[in-house]
$ cat entry-v3.txt   # compact mmCIF, C-alpha atoms and all ligand atoms
# COMPACT_ATOMS: atom_id res chain seq x y z
CA MET C 1 56.60 -20.79 42.78
CA ASP C 2 52.94 -20.80 43.84
CA GLU C 3 51.72 -18.67 46.74
CA SER C 4 52.07 -20.22 50.20
CA THR C 5 48.94 -21.87 51.53
CA LEU C 6 47.51 -21.19 54.98
CA PHE C 7 48.96 -24.51 56.17
CA THR C 8 52.44 -23.75 54.78
CA LYS C 9 52.32 -20.50 56.78
CA ILE C 10 51.31 -22.51 59.87
CA ILE C 11 54.16 -25.01 59.32
CA ARG C 12 56.63 -22.12 59.02
CA GLY C 13 55.26 -20.53 62.21
CA GLU C 14 54.09 -17.41 60.36
CA ILE C 15 50.57 -18.15 61.64
CA PRO C 16 50.20 -19.61 65.17
CA SER C 17 48.89 -23.14 65.69
CA SER C 18 48.32 -25.60 68.52
CA LYS C 19 51.00 -28.12 67.60
CA VAL C 20 50.39 -31.78 68.41
CA ALA C 21 53.44 -33.46 66.83
CA GLU C 22 55.90 -33.12 63.98
CA GLY C 23 58.03 -35.37 61.76
CA SER C 24 60.65 -34.48 59.17
CA ASP C 25 58.00 -34.45 56.39
CA TRP C 26 54.74 -33.74 58.26
CA TYR C 27 53.20 -31.42 60.85
CA ALA C 28 50.14 -32.00 63.07
CA PHE C 29 48.05 -29.38 64.87
CA LEU C 30 44.59 -28.98 66.37
CA ASP C 31 41.77 -27.88 64.08
CA ILE C 32 40.67 -24.36 65.02
CA ASN C 33 37.00 -25.33 64.64
CA PRO C 34 36.86 -28.93 65.90
CA HIS C 35 34.06 -31.33 64.95
CA ARG C 36 34.84 -33.10 68.24
CA PRO C 37 37.42 -32.64 71.01
CA GLY C 38 40.87 -33.65 69.79
CA HIS C 39 40.16 -32.96 66.09
CA THR C 40 43.67 -32.81 64.61
CA LEU C 41 44.97 -32.00 61.13
CA VAL C 42 48.03 -33.79 59.73
CA VAL C 43 49.65 -32.05 56.77
CA PRO C 44 52.70 -32.70 54.59
CA LYS C 45 55.41 -30.05 54.78
CA GLU C 46 55.58 -30.35 51.01
CA GLN C 47 52.91 -28.03 49.60
CA ALA C 48 50.45 -29.82 47.30
CA GLN C 49 46.69 -29.66 46.90
CA ARG C 50 46.04 -33.35 46.18
CA ILE C 51 47.66 -36.56 47.39
CA SER C 52 48.47 -37.53 43.78
CA GLU C 53 50.67 -34.40 43.53
CA LEU C 54 52.83 -35.33 46.54
CA SER C 55 56.24 -36.95 46.27
CA VAL C 56 56.33 -40.63 47.19
CA GLU C 57 58.31 -39.81 50.35
CA SER C 58 55.79 -37.21 51.57
CA ARG C 59 52.85 -39.44 50.79
CA ARG C 60 54.32 -42.36 52.72
CA SER C 61 55.45 -40.39 55.75
CA LEU C 62 52.08 -38.64 55.99
CA LEU C 63 50.50 -41.91 57.13
CA ASP C 64 53.22 -42.29 59.75
CA GLY C 65 52.09 -38.88 60.98
CA VAL C 66 48.47 -40.02 61.12
CA VAL C 67 49.41 -43.05 63.24
CA GLU C 68 51.63 -41.01 65.53
CA VAL C 69 48.77 -38.57 66.13
CA GLN C 70 46.40 -41.46 66.79
CA ARG C 71 48.85 -42.83 69.38
CA ARG C 72 48.83 -39.52 71.27
CA LEU C 73 45.07 -39.06 70.98
CA SER C 74 44.54 -42.65 72.20
CA ILE C 75 46.31 -41.84 75.45
CA GLU C 76 44.42 -38.59 75.95
CA PHE C 77 40.94 -39.79 75.00
CA GLY C 78 41.16 -43.46 75.99
CA THR C 79 40.05 -44.80 72.61
CA THR C 80 41.46 -46.74 69.67
CA ASP C 81 38.71 -45.59 67.29
CA PHE C 82 39.02 -42.59 64.96
CA SER C 83 37.35 -40.89 62.05
CA VAL C 84 40.12 -40.29 59.48
CA ASN C 85 39.07 -38.10 56.57
CA LEU C 86 40.77 -36.45 53.62
CA ASN C 87 38.92 -34.15 51.23
CA ASP C 88 41.04 -34.48 48.08
CA GLY C 89 40.11 -31.37 46.08
CA PRO C 90 37.45 -28.65 46.21
CA LEU C 91 34.59 -30.77 44.83
CA ALA C 92 35.22 -33.15 47.74
CA GLY C 93 34.75 -30.30 50.20
CA GLN C 94 38.39 -29.24 50.54
CA GLU C 95 38.54 -25.65 51.78
CA VAL C 96 42.28 -25.25 52.29
CA PRO C 97 44.20 -26.22 49.10
CA HIS C 98 46.92 -28.14 50.93
CA VAL C 99 46.66 -31.91 51.57
CA HIS C 100 45.42 -32.60 55.11
CA PHE C 101 44.05 -35.56 57.04
CA HIS C 102 41.39 -34.89 59.66
CA ILE C 103 41.88 -37.21 62.67
CA ILE C 104 38.99 -37.26 65.13
CA PRO C 105 38.98 -39.52 68.20
CA ARG C 106 35.67 -41.38 68.63
CA ILE C 107 34.27 -42.19 72.01
CA PRO C 108 30.81 -43.55 72.91
CA GLU C 109 28.28 -40.75 72.36
CA GLY C 110 24.99 -42.62 72.03
CA THR C 111 25.05 -42.31 68.25
CA SER C 112 26.56 -44.22 65.38
CA ARG C 113 25.94 -41.54 62.75
CA PRO C 114 28.95 -40.83 60.51
CA ILE C 115 30.63 -37.68 61.79
CA TRP C 116 30.79 -35.93 58.43
CA THR C 117 27.02 -35.76 58.06
CA GLN C 118 26.77 -33.70 61.19
CA THR C 119 26.79 -29.94 61.06
CA LYS C 120 29.84 -28.31 62.53
CA GLU C 121 29.13 -25.80 65.24
CA SER C 122 30.48 -22.42 64.24
CA SER C 123 31.62 -20.62 67.32
CA GLU C 124 34.65 -18.57 68.25
CA PRO C 125 37.72 -20.82 68.67
CA ASP C 126 38.59 -21.52 72.31
CA PHE C 127 42.32 -20.84 72.00
CA ALA C 128 43.06 -21.46 75.70
CA MET C 129 41.43 -24.91 75.55
CA LEU C 130 43.28 -25.74 72.31
CA ALA C 131 46.62 -24.66 73.80
CA ASP C 132 46.07 -26.75 76.96
CA LEU C 133 45.12 -29.83 74.97
CA ALA C 134 48.04 -29.41 72.55
CA GLU C 135 50.46 -29.19 75.47
CA ARG C 136 49.17 -32.47 76.90
CA LEU C 137 49.25 -34.20 73.48
CA GLN C 138 52.83 -33.08 72.88
CA ALA C 139 53.83 -34.65 76.19
CA HIS C 140 52.30 -38.10 75.35
P1 LIG Q 1 38.78 -28.94 54.70
O1 LIG Q 1 37.37 -28.46 54.67
O2 LIG Q 1 39.67 -28.21 53.74
O3 LIG Q 1 38.90 -30.44 54.58
O4 LIG Q 1 39.31 -28.63 56.17
C1 LIG Q 1 39.97 -27.45 56.50
C2 LIG Q 1 40.03 -27.41 58.00
O5 LIG Q 1 40.97 -26.41 58.37
C3 LIG Q 1 38.70 -27.03 58.68
O6 LIG Q 1 38.30 -28.09 59.55
C4 LIG Q 1 39.00 -25.74 59.41
O7 LIG Q 1 38.35 -25.67 60.67
C5 LIG Q 1 40.52 -25.79 59.55
N1 LIG Q 1 41.15 -24.47 59.59
C6 LIG Q 1 40.88 -23.42 58.78
N2 LIG Q 1 41.67 -22.37 59.09
C7 LIG Q 1 42.45 -22.78 60.14
C8 LIG Q 1 43.46 -22.12 60.92
O8 LIG Q 1 43.83 -20.97 60.70
N3 LIG Q 1 44.02 -22.85 61.92
C9 LIG Q 1 43.66 -24.15 62.17
N4 LIG Q 1 44.28 -24.76 63.19
N5 LIG Q 1 42.71 -24.79 61.46
C10 LIG Q 1 42.12 -24.12 60.45
$ encode --input "entry-v3.txt" --output "structure tokens" --more "lines below"
Ligand code: 5GP
Amino acid sequence: MDESTLFTKIIRGEIPSSKVAEGSDWYAFLDINPHRPGHTLVVPKEQAQRISELSVESRRSLLDGVVEVQRRLSIEFGTTDFSVNLNDGPLAGQEVPHVHFHIIPRIPEGTSRPIWTQTKESSEPDFAMLADLAERLQAH
């Protein structure tokens, strides 16, 4: 069997994460280096690098996870608009070789630029802020 990915270790609790929600086939947690507040990753519990490698069940339930995360983020951020992105392989910009959707709530910011063209700020993760937000999202 292949080596466990970073996200498999997070799903198993071997590496800590700020959990947002969980289903039988998927797990959602806050991105450690968010593009915007609320940036959440939704991953299948089945380990695969590309969506085409997932079982039909995992692939289908993953979208249920995306919608469940959107529901919680909607309550927290007061929006129904989201950037939903999946980098399906390294040439598409995938850094962690485990399928993951990025879900980013969009609120008015005085710009209509696509989020992925913007440079991510690289600063130390604010773990206290992430933990607080995750606790609220879990309660929604
Ligand atoms: P990719 O570039 O593969 O589409 O996205 C990988 C994402 O995983 C990045 O947005 C990055 O910030 C996030 N990430 C990397 N390592 C960790 C980690 O240890 N914990 C969490 N929560 N997110 C991570």
$ residues_near_ligand --input "entry-v3.txt" --ligand "ligand LIG 1 (chain Q)" --cutoff "8 Å" --atoms "all atoms listed in the file" --output "MDAnalysis selection string"
chainID C and resid 6:7 10 15:18 29:35 41 85:88 90 93:98 100:102
$ residues_around --input "entry-v3.txt" --residues "segment 135-138 of chain C" --least-positions-apart "5" --cutoff "7 Å" --atoms "only C-alpha atoms" --output "ChimeraX atom specification"
/C:20-21,72-73,76
$ closest_residue --input "entry-v3.txt" --among "C:Val99, C:Ala28, C:Ile11, C:Ile75" --to "Arg59 of chain C" --atoms "all atoms listed in the file"
C:Val99
$ atom_distance --input "entry-v3.txt" --atom1 "atom CA of Lys19 of chain C" --atom2 "atom CA of Thr40 of chain C"
9.2 Å
$ atom_distance --input "entry-v3.txt" --atom1 "atom CA of Ser61 of chain C" --atom2 "atom CA of Met129 of chain C"
28.8 Å
$ closest_residue --input "entry-v3.txt" --among "C:Val56, C:Leu130, C:Leu62, C:Ala92" --to "Gly38 of chain C" --atoms "all atoms listed in the file"
C:Leu130
$ axis_aligned_box --input "entry-v3.txt" --around "segment 40-58 of chain C" --padding-each-side "5 Å" --output "JSON"
{"center_x": 51.0, "center_y": -34.3, "center_z": 54.1, "size_x": 24.6, "size_y": 22.6, "size_z": 31.1}
$ atom_distance --input "entry-v3.txt" --atom1 "atom CA of Ile103 of chain C" --atom2 "atom CA of Leu63 of chain C"
11.3 Å
$ closest_residue --input "entry-v3.txt" --among "C:Gly13, C:Val66, C:Leu91, C:Ala128" --to "Pro105 of chain C" --atoms "all atoms listed in the file"
C:Val66
$ residues_around --input "entry-v3.txt" --residues "Trp26 of chain C" --least-positions-apart "3" --cutoff "8 Å" --atoms "all atoms listed in the file" --output "list in words"
Glu22, Gly23, Val42, Val43, Pro44, Lys45, Ser58, Ser61, Leu62 and Gly65 of chain C
$ build_atoms --input "entry-v3.txt" --residues "segment 32-43 of chain C" --atoms "N, CA and C atoms" --output "mmCIF file, in the frame of the given file"
data_model
loop_
_atom_site.group_PDB
_atom_site.id
_atom_site.type_symbol
_atom_site.label_atom_id
_atom_site.label_comp_id
_atom_site.auth_asym_id
_atom_site.auth_seq_id
_atom_site.Cartn_x
_atom_site.Cartn_y
_atom_site.Cartn_z
ATOM 1 N N ILE C 32 41.136 -25.560 64.318
ATOM 2 C CA ILE C 32 40.670 -24.360 65.020
ATOM 3 C C ILE C 32 39.166 -24.402 65.282
ATOM 4 N N ASN C 33 38.462 -25.224 64.501
ATOM 5 C CA ASN C 33 37.000 -25.330 64.640
ATOM 6 C C ASN C 33 36.627 -26.813 64.700
ATOM 7 N N PRO C 34 36.946 -27.470 65.841
ATOM 8 C CA PRO C 34 36.860 -28.930 65.900
ATOM 9 C C PRO C 34 35.449 -29.495 65.771
ATOM 10 N N HIS C 35 35.336 -30.593 65.006
ATOM 11 C CA HIS C 35 34.060 -31.330 64.950
ATOM 12 C C HIS C 35 33.788 -32.000 66.295
ATOM 13 N N ARG C 36 34.880 -32.428 66.945
ATOM 14 C CA ARG C 36 34.840 -33.100 68.240
ATOM 15 C C ARG C 36 36.134 -32.749 68.968
ATOM 16 N N PRO C 37 36.169 -32.888 70.298
ATOM 17 C CA PRO C 37 37.420 -32.640 71.010
ATOM 18 C C PRO C 37 38.553 -33.518 70.442
ATOM 19 N N GLY C 38 39.704 -32.917 70.273
ATOM 20 C CA GLY C 38 40.870 -33.650 69.790
ATOM 21 C C GLY C 38 41.028 -33.636 68.270
ATOM 22 N N HIS C 39 40.098 -33.031 67.567
ATOM 23 C CA HIS C 39 40.160 -32.960 66.090
ATOM 24 C C HIS C 39 41.507 -32.358 65.664
ATOM 25 N N THR C 40 42.294 -33.192 64.982
ATOM 26 C CA THR C 40 43.670 -32.810 64.610
ATOM 27 C C THR C 40 43.832 -32.883 63.094
ATOM 28 N N LEU C 41 44.630 -31.975 62.552
ATOM 29 C CA LEU C 41 44.970 -32.000 61.130
ATOM 30 C C LEU C 41 46.412 -32.453 60.979
ATOM 31 N N VAL C 42 46.662 -33.351 60.033
ATOM 32 C CA VAL C 42 48.030 -33.790 59.730
ATOM 33 C C VAL C 42 48.324 -33.399 58.292
ATOM 34 N N VAL C 43 49.372 -32.601 58.103
ATOM 35 C CA VAL C 43 49.650 -32.050 56.770
ATOM 36 C C VAL C 43 51.094 -32.363 56.359
#
